[in-house]
There are 2 protein chains.
Amino acid sequence: MSLTVVGSMAFDEIETPFGKSGRIIGGSATFIAWAASNFVKPINQVSVVGNDFPQSELDELKAIGTALEGVQIKKDQKSFYWSGKYHMDMNTRDTLVTELNVLGDFAPVIPDSYQGSEFLILGNLSPQVQMSVIDQLKVRPKLIVMDTMNFWMDIAMDDLKAVLKRVDVLMVNDAEARQLSGEYSLVKAAHKILTMGPRYLIIKKGEHGALLFYENHVFFAPALPLEDVFDPTGAGDTFAGGFIGHLAKTKDISFENMKTAIIVGSVMASFCVEKFGTARLKEITAADIAARLDQFVQLVNFDIDLV
Amino acid sequence: MSLTVVGSMAFDEIETPFGKSGRIIGGSATFIAWAASNFVKPINQVSVVGNDFPQSELDELKAIGTALEGVQIKKDQKSFYWSGKYHMDMNTRDTLVTELNVLGDFAPVIPDSYQGSEFLILGNLSPQVQMSVIDQLKVRPKLIVMDTMNFWMDIAMDDLKAVLKRVDVLMVNDAEARQLSGEYSLVKAAHKILTMGPRYLIIKKGEHGALLFYENHVFFAPALPLEDVFDPTGAGDTFAGGFIGHLAKTKDISFENMKTAIIVGSVMASFCVEKFGTARLKEITAADIAARLDQFVQLVNFDIDLV
């Protein structure tokens with residue numbers, strides 16, 4: 001059993017009302033790997049970095065069980081760089097700088113050693129790159145999860161719709177679900193998106209939790225109410241990593257187990273936002289995760305027999 | 001066992017992206033009574049209306065078990081009137097007209113027949129009016145629940161804080177919790193408010209659910225994801241009515257039972273928003289409520305044994 005993760009490995013520079021991060025490590029595949037590594041090994045990483053990406057970060061990923069054969073290192077280029085500033089409510093942010101660099105012409109190559117991987121998660125990259133990965137797999141994974149964003153809906157909707165037809169689970173935020181479906185109501189949006197390819201849809205609502213739609217069923221997982229949200233960057237990817245990590249660990253892709261996986265994702269995201277970048281994810285132990293899972297049970301558990 | 005409800009009985013005129021209501025019946029005490037009447041009788045209503053308030057509405061309230069001795073009818077005045085317009089997201093609205101009319105000099109009088117009521121809910125009215133009701137009660141109720149709004153924080157914060165010291169449960173929305181506490185984080189806001197008098201705090205987040213804080217515990221109840229929210233007016237009051245109705249029915253004011261009461265409140269609110277005003281609340285049966293409670297269980301129930 002193994003998990004293949006496709007996404008960016010990058011530099012972020014973040015400003016929040018609470019402080020400035022300086023230049024730190026980010027990228028969707030980075031957050032997904034750190035979150036999923038608590039549940040599954042190996043993680044087959046597919047990404048691209050420049051000559052400026054620290055070897056120490058690659059070494060740390062290797063140490064937690066991440067295979068790096070699929071991570072291209074472009075000796076004459078720079079890594080993807082994103083800089084952003086959050087507002088007081090931490091739900092909205094302005095992008096200050098985006099430098100695509102190595103991501104501009106990224107052509108992923110799946111190593112032979114990754115073939116046969118049972119779980120695949122396509123982090124937010126261009127639909128063309130996502131499709132190329134699916135095309136290179138000799139055996140279709142048991143489950144394909146896809147993340148995307150409004151940017152690709154703006155400039156590559158047809159490509160995005162083509163990828164949608166080949167995945168099992170789509171993850172988007174509420175605004176993206178509305179844009180993709182043309183429906184304002186999230187329930188209506190979900191029903192429409194579930195006709196576009198994926199059997200499962202996860203709508204992420206940030207601090208307001210996440211919804212899982214499947215056929216006519218809906219499940220809701222809250223975000224843990226925290227004293228402070230220090231930095232939301234990567235929370236969605238960390239959620240995705242916890243989600244796919246739990247599924248890959250248990251090898252159970254039933255709707256019932258997806259509910260549990262959503263809670264695991266919320267747990268992981270609740271750690272991510274406590275420090276800049278991956279700092280908190282690098283600290284936590286299995287005991288920390290178990291304790292916070294218990295907090296989630298307490299948060300939503302109620303006795304309805306009295307009614 | 002009985003419940004005393006203090007609040008407005010009024011005319012509303014509502015515009016949403018889906019239509020215009022015309023002049024309909026609203027008011028906090030109206031919604032609370034309609035919601036709570038599914039669980040408890042009698043409901044001792046304390047309010048004031050003008051000569052324009054329809055007798056048929058009073059008759060309907062009486063028919064569902066509402067005592068009206070405490071509802072003053074001012075023969076030479078008009079009822080409270082509010083008109084508002086909702087935006088596309090249904091979470092924000094503009095007030096178009098507010099005519100206080102009978103509410104301008106409302107001095108509630110608690111009839112002898114209401115004395116000894118075990119449960120009291122103070123709907124959104126001026127803190128002076130809320131305090132006057134508490135002062136008139138010869139025996140302190142088993143539980144006092146208070147609603148309020150930002151308007152009173154702006155113009156009567158000292159009076160509001162005095163009432164806070166005398167209640168058990170405060171209900172406010174997220175913006176109001178922030179204003180009352182001076183804290184942006186809802187967790188920090190809650191901890192501060194719990195030092196100001198109430199032992200329990202409910203923070204309503206509209207379509208994003210509600211949080212219940214008690215000592216160091218927190219419980220979250222989602223709002224039911226609906227195809228369409230037709231009119232959110234009165235949803236908060238209906239939530240309050242379901243909450244206090246369940247508590248008054250079960251006579252159990254433990255934290256565990258308050259969790260269930262919050263779910264019951266969410267269930268009732270999910271009906272309220274389906275039609276203008278009280279229209280949907282007037283239709284529903286015990287079977288409708290039971291079916292929707294089951295939907296809430298499905299919405300949040302997950303199996304954590306697998307983790």
# chains A, B, ... in the order shown; residues from 1 in each chain; ligands from 1
$ residues_around --residues "Val267 in chain A" --least-positions-apart "2" --cutoff "8 Å" --atoms "only C-alpha atoms" --output "compact mmCIF listing (two decimals) with N, CA and C atoms, in the first residue's frame"
# COMPACT_ATOMS: atom_id res chain seq x y z
N ALA A 223 -14.36 22.89 11.99
CA ALA A 223 -12.97 23.18 12.33
C ALA A 223 -12.92 23.33 13.84
N LEU A 224 -11.80 22.97 14.44
CA LEU A 224 -11.68 23.10 15.88
C LEU A 224 -11.62 24.59 16.25
N PHE A 239 -5.26 19.44 5.50
CA PHE A 239 -6.55 18.72 5.59
C PHE A 239 -6.57 17.58 4.58
N GLY A 242 -4.24 14.72 5.68
CA GLY A 242 -4.81 13.90 6.74
C GLY A 242 -5.92 12.99 6.20
N ILE A 263 -12.66 14.00 9.46
CA ILE A 263 -12.34 14.44 10.82
C ILE A 263 -10.82 14.43 11.02
N VAL A 264 -10.16 13.39 10.54
CA VAL A 264 -8.69 13.33 10.64
C VAL A 264 -8.08 14.53 9.90
N GLY A 265 -8.63 14.84 8.74
CA GLY A 265 -8.15 16.02 8.00
C GLY A 265 -8.32 17.30 8.80
N ALA A 269 -5.39 19.86 10.08
CA ALA A 269 -5.44 21.29 9.72
C ALA A 269 -5.40 22.16 10.98
N SER A 270 -5.99 21.66 12.05
CA SER A 270 -6.02 22.46 13.29
C SER A 270 -4.61 22.62 13.87
N PHE A 271 -3.74 21.68 13.61
CA PHE A 271 -2.34 21.86 14.00
C PHE A 271 -1.64 22.84 13.07
N ILE A 289 -2.05 13.86 18.13
CA ILE A 289 -3.14 13.63 17.18
C ILE A 289 -4.31 12.92 17.86
N ARG A 292 -6.25 15.30 20.08
CA ARG A 292 -7.09 16.25 19.35
C ARG A 292 -8.28 15.56 18.68
N LEU A 293 -8.09 14.32 18.26
CA LEU A 293 -9.25 13.55 17.76
C LEU A 293 -10.32 13.45 18.84
N PHE A 296 -12.30 16.54 19.01
CA PHE A 296 -13.32 16.60 17.96
C PHE A 296 -14.55 15.79 18.32
$ residues_around --residues "range 93-107 of chain B" --least-positions-apart "5" --cutoff "6 Å" --atoms "only C-alpha atoms" --output "ChimeraX atom specification"
/B:78-87
$ interface_residues --of "chain B" --to "chain A" --cutoff "10 Å" --atoms "only C-alpha atoms" --output "JSON, numbers by chain"
{"B": [39, 88, 89, 184, 185, 186, 187, 188, 189, 190, 191, 205, 207, 208, 209, 211, 212, 217, 218, 219, 220, 221, 222, 223, 224, 225, 226, 227, 228, 229, 246, 249, 250, 252, 256, 257, 258, 259, 260, 261, 262, 263, 264, 290, 293, 294, 295, 296, 297, 298, 299, 300, 301, 302, 303, 304, 305, 306, 307]}
$ closest_residue --among "A:Asn150, A:Ser132, A:Ser117, A:Thr92" --to "Lys251 in chain A" --atoms "only C-alpha atoms"
A:Ser117
$ select_by_dssp --residues "range 42-246 of chain A" --states "strand (DSSP E)" --output "PyMOL selection string"
chain A and resi 43-50+66-74+80-86+93-99+119-122+143-147+169-173+200-204+210-214+217-221
$ residues_around --residues "Ile203 in chain B" --least-positions-apart "4" --cutoff "8 Å" --atoms "only C-alpha atoms" --output "PyMOL selection string"
chain B and resi 171-174+177+210-212
$ residues_around --residues "range 43-47 of chain B" --least-positions-apart "4" --cutoff "9 Å" --atoms "only C-alpha atoms" --output "PyMOL selection string"
chain B and resi 2-9+29-30+33+36-37+64-73+103+106+108-110+113-114+117
$ select_by_dssp --residues "range 23-227 of chain A" --states "helix (DSSP H, G or I)" --output "PyMOL selection string"
chain A and resi 28-36+55-63+101-105+112-114+127-136+150-155+157-164+174-181+186-193+206-208
$ residues_around --residues "Pro127 in chain B" --least-positions-apart "6" --cutoff "10 Å" --atoms "only C-alpha atoms" --output "list in words"
Val133, Met146, Asp147, Thr148, Trp152, Met153, Ala156, Met157, Asp158, Asp159, Leu160, Lys161, Ala162, Val163 and Leu164 of chain B
